[in-house]
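A short write-up of the structure that comes next.
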Amino acid sequence: MMWSLIAMLYSGLLPTYVHSAPLVITETNAAQSFINGDYRSALEGFNELRIKYPLDLRIRRYQAITLEKLGEDDRAIEILTELLLITPDSVSSQYYLGTIYYKLQKAELAESHFSEVLLLANDSKYGSLAQSYLDAIGSQKFESANPGAPRRWNFYSSIGYTDDVSSDPSLTSEDTSRPRINSYFSANYYFLRESNWTGLISGSVYQSNQQSSSVSTDRTLRQWSTKASLQNQTTLMGKPVIHIGNLGYDRVMLDGSKYSDNWFLYGSTRLRLRPNLSTSVYVSKGKRRFWVMENLSSSLSTADRNKTSLGLNQSIFLNDRTIELGGGVYFKEITSLNPSSSHKSRGAKIFSRFSLPQQVRFGLTVESSKDTYPSFNGVENRAANTKTLSTTLSRRFGKHLSVELSYKISEVGFSDVVGDRGRDTWGVRFSYVY
């Protein structure tokens with residue numbers, strides 16, 4: 001019946017109260033009500049305009065858009081579908097019908113209409129908007145087929161405050177406290193998101209503003225970093241294995257002057273022997289070059305060095321993965337052009353993380369390490385033993401925001417110095433991830 005009426009209308013068999021003056025829809029009361037968010041009044045106005053201008057298909061389209069705003073999606077779909085039967089090349093009708101299907105999570109239908117928009121008007125504003133929807137649909141399909149896969153773009157930012165308090169009796173009172181404000185921002189782009197492979201390129205900047213009364217001015221340290229990473233997930237004897245490889249570069253600026261740069265290579269393998277047991281090994285190698293600075297001694301500012309690290313970590317998860325217990329061992333060797341700063345380091349740590357009420361996470365780490373120096377300012381085979389206890393309290397607020405409180409106690413004993421040197425550090429950090 002409806003299609004017969006439409007045919008009669010366009011064949012001239014029904015009266016049409018056509019006005020000679022063209023209608024400027026944006027100047028109508030209905031359009032103003034729509035702009036002001038009064039969609040019910042807007043719909044009444046468009047209904048009246050349709051009676052006066054029955055041949056103006058724009059009014060029907062505005063009726064459909066208004067109905068969608070009022071939550072009457074079925075009626076809006078019906079009108080837009082009728083319009084496309086009359087004018088199948090209508091870019092705006094194709095686009096708005098696609099947006100309604102997208103809202104209703106009917107991805108296949110939405111994708112069909114957005115694709116038509118690109119065929120009809122790829123370079124128009126509707127084409128740009130349709131492409132954004134198609135990109136979102138593509139990401140949703142990928143994430144549905146690959147649960148847990150990362151977003152194409154990922155951003156992380158944080159700002160924090162820390163205060164170091166030294167108990168070293170050899171230092172003056174002005175040197176015992178080193179408060180600083182530090183901030184960090186990173187952007188990650190995942191160029192590869194397959195079921196077994198993930199690849200990303202990331203860039204980050206870290207800045208620390210350190211206050212100290214022992215020097216005439218505050219110090220600003222800024223580090224720029226970039227990194228390319230590949231991750232592969234496979235199996236070994238039926239057990240899931242994840243391999244990660246990173247290649248990166250960073251540059252450190254001190255008070256606006258170039259201080260050092262560093263190339264590094266990192267690789268790790270994580271094996272899950274059981275659902276609640278994870279074992280990982282890693283190796284990294286870096287080469288840092290220092291630049292001579294006027295306010296630093298030449299022995300420190302020219303100590304170019306190579307660093308190699310090896311490590312093993314073991315974790316066990318309990319109580320539906322809300323509790324993590326683990327430990328690790330590591331070995332580091334730093335070979336420098338300045339013999340007095342070359343040394344080896346080995347250490348071990350144990351840690352635990354578990355949930356508290358109110359969605360709070362608690363972390364505790366105990367670590368012990370020993371650094372040995374073949375020669376240090378005339379002292380042969382100098383050794384430094386460090387013991388550290390650190391705790392954290394963290395809580396997420398929604399999907400993006402988190403807050404962390406931290407406290408660390410460390411003591412260092414040297415083989416050629418009587419008494420230990422201690423330092424307490426506390427801090428707070430606010431983070432946002434998208």
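So you can find residues: chains in the structure tokens are A, B, ... in the order shown, residues in each start at 1, and ligands are numbered from 1 in order.
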
Practice item. Per DSSP on the backbone, filter stretch 218-386 of chain A down to the residues in alpha helix (DSSP H) and report them as an NGL selection string. Key: :A and (298-301)

Would you save the residues of that selection, restricted to N, CA and C atoms, as a PDB file, in the first residue's frame?
```pdb
ATOM      1  N   SER A 298      85.641  14.951  34.034  1.00  0.00           N
ATOM      2  CA  SER A 298      85.857  14.218  32.797  1.00  0.00           C
ATOM      3  C   SER A 298      85.832  12.712  33.014  1.00  0.00           C
ATOM      4  N   SER A 299      86.207  12.239  34.205  1.00  0.00           N
ATOM      5  CA  SER A 299      86.215  10.794  34.469  1.00  0.00           C
ATOM      6  C   SER A 299      84.810  10.214  34.452  1.00  0.00           C
ATOM      7  N   LEU A 300      83.797  11.037  34.790  1.00  0.00           N
ATOM      8  CA  LEU A 300      82.420  10.555  34.776  1.00  0.00           C
ATOM      9  C   LEU A 300      81.747  10.830  33.446  1.00  0.00           C
ATOM     10  N   SER A 301      82.009  11.970  32.847  1.00  0.00           N
ATOM     11  CA  SER A 301      81.292  12.354  31.638  1.00  0.00           C
ATOM     12  C   SER A 301      81.839  11.685  30.381  1.00  0.00           C
TER      13      SER A 301
END
```

Practice item. Can you check which residues of stretch 30-245 of chain A DSSP gives as strand (DSSP E or B) on the backbone and send them as a ChimeraX atom specification? Key: /A:153-166,177-193,197-210,219-236,239-245

Review point. Atom CA of A:Ile100 and atom CA of A:Leu83 are how many Å apart?
Key: 15.0 Å

Practice item. Tell me, as a list in words, which residues lie within 8 Å of stretch 87-91 of chain A, counting only C-alpha atoms; anything in the same chain fewer than 5 positions away does not count. Key: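 Once the nearby chain positions are removed, what remains is Glu116, Val117, Leu120, Ala121 and Tyr126 of chain A.
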
Practice item. Select, from A:Asn232, A:Leu277, A:Leu325, A:Lys370, the residue with the minimum atom-to-atom distance to A:Trp197, counting only C-alpha atoms. Key: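 Counting only C-alpha atoms, the residue closest to A:Trp197 is A:Asn232.
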
Check your understanding: If we count only C-alpha atoms, what is near A:Ala42 at a cut-off of 9 Å, once residues fewer than 2 positions away on the same chain are taken out, given as a PyMOL selection string?
Key -> chain A and resi 29-35+37-40+44-47+63+66

Review point. If you count only C-alpha atoms, which residues fall within 8 Å of A:Ile201, apart from same-chain ones fewer than 3 positions away, as JSON, numbers by chain?
Key: {"A": [188, 189, 190, 191, 226, 227, 228, 229]}

Practice item. Write out as a PyMOL selection string the residues lying within 8 Å of A:Leu401, counting only C-alpha atoms and excluding same-chain residues fewer than 2 positions away. Key: chain A and resi 396-399+403+430-433

Output for the residues just chosen: N, CA and C atoms as a PDB file, in the first residue's frame:
```pdb
ATOM      1  N   ARG A 396      43.081   1.184  41.025  1.00  0.00           N
ATOM      2  CA  ARG A 396      42.538   1.693  39.783  1.00  0.00           C
ATOM      3  C   ARG A 396      41.181   2.360  40.037  1.00  0.00           C
ATOM      4  N   PHE A 397      40.937   3.421  39.281  1.00  0.00           N
ATOM      5  CA  PHE A 397      39.651   4.099  39.313  1.00  0.00           C
ATOM      6  C   PHE A 397      39.096   4.065  37.886  1.00  0.00           C
ATOM      7  N   GLY A 398      38.193   3.124  37.643  1.00  0.00           N
ATOM      8  CA  GLY A 398      37.688   2.949  36.289  1.00  0.00           C
ATOM      9  C   GLY A 398      38.693   2.231  35.417  1.00  0.00           C
ATOM     10  N   LYS A 399      38.579   2.443  34.103  1.00  0.00           N
ATOM     11  CA  LYS A 399      39.427   1.731  33.142  1.00  0.00           C
ATOM     12  C   LYS A 399      40.757   2.430  32.901  1.00  0.00           C
ATOM     13  N   VAL A 403      46.290   5.189  40.900  1.00  0.00           N
ATOM     14  CA  VAL A 403      47.121   5.929  41.856  1.00  0.00           C
ATOM     15  C   VAL A 403      47.988   4.922  42.602  1.00  0.00           C
ATOM     16  N   PHE A 430      50.370   9.371  39.884  1.00  0.00           N
ATOM     17  CA  PHE A 430      49.059   9.307  39.230  1.00  0.00           C
ATOM     18  C   PHE A 430      49.289   8.930  37.776  1.00  0.00           C
ATOM     19  N   SER A 431      48.541   7.945  37.294  1.00  0.00           N
ATOM     20  CA  SER A 431      48.737   7.446  35.922  1.00  0.00           C
ATOM     21  C   SER A 431      47.413   7.404  35.176  1.00  0.00           C
ATOM     22  N   TYR A 432      47.521   7.633  33.857  1.00  0.00           N
ATOM     23  CA  TYR A 432      46.360   7.536  32.979  1.00  0.00           C
ATOM     24  C   TYR A 432      46.768   6.742  31.753  1.00  0.00           C
ATOM     25  N   VAL A 433      45.985   5.732  31.423  1.00  0.00           N
ATOM     26  CA  VAL A 433      46.283   4.901  30.256  1.00  0.00           C
ATOM     27  C   VAL A 433      45.060   4.838  29.371  1.00  0.00           C
TER      28      VAL A 433
END
```

So that I can see what lies close to A:Tyr96, please list as a PDB file with N, CA and C atoms, in the first residue's frame the residues with an atom at most 9 Å from it, counting only C-alpha atoms and leaving out residues fewer than 5 positions away in the same chain.
```pdb
ATOM      1  N   ARG A  61      14.359  12.623   5.685  1.00  0.00           N
ATOM      2  CA  ARG A  61      15.642  12.261   6.286  1.00  0.00           C
ATOM      3  C   ARG A  61      15.784  12.882   7.675  1.00  0.00           C
ATOM      4  N   ALA A  64      13.831  10.920  10.134  1.00  0.00           N
ATOM      5  CA  ALA A  64      14.521   9.692  10.543  1.00  0.00           C
ATOM      6  C   ALA A  64      15.613   9.985  11.562  1.00  0.00           C
ATOM      7  N   ILE A  65      16.397  11.046  11.339  1.00  0.00           N
ATOM      8  CA  ILE A  65      17.483  11.389  12.258  1.00  0.00           C
ATOM      9  C   ILE A  65      16.915  11.761  13.629  1.00  0.00           C
ATOM     10  N   LEU A  80      14.604   5.620   6.335  1.00  0.00           N
ATOM     11  CA  LEU A  80      15.833   5.703   5.547  1.00  0.00           C
ATOM     12  C   LEU A  80      15.873   4.625   4.474  1.00  0.00           C
ATOM     13  N   VAL A  91      24.016   9.838  -0.376  1.00  0.00           N
ATOM     14  CA  VAL A  91      25.146   9.598   0.523  1.00  0.00           C
ATOM     15  C   VAL A  91      24.732   9.749   1.979  1.00  0.00           C
ATOM     16  N   TYR A 101      22.683   1.209  12.431  1.00  0.00           N
ATOM     17  CA  TYR A 101      23.037  -0.206  12.526  1.00  0.00           C
ATOM     18  C   TYR A 101      24.289  -0.395  13.390  1.00  0.00           C
ATOM     19  N   HIS A 113      26.594  -0.270   4.436  1.00  0.00           N
ATOM     20  CA  HIS A 113      26.193   1.107   4.121  1.00  0.00           C
ATOM     21  C   HIS A 113      27.379   2.064   4.134  1.00  0.00           C
TER      22      HIS A 113
END
```

Practice item. Mind giving me the straight-line distance from atom CA of A:Thr220 to atom CA of A:Gly422 in Å, one decimal? Key: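 Atom CA of A:Thr220 sits 24.6 Å away from atom CA of A:Gly422.
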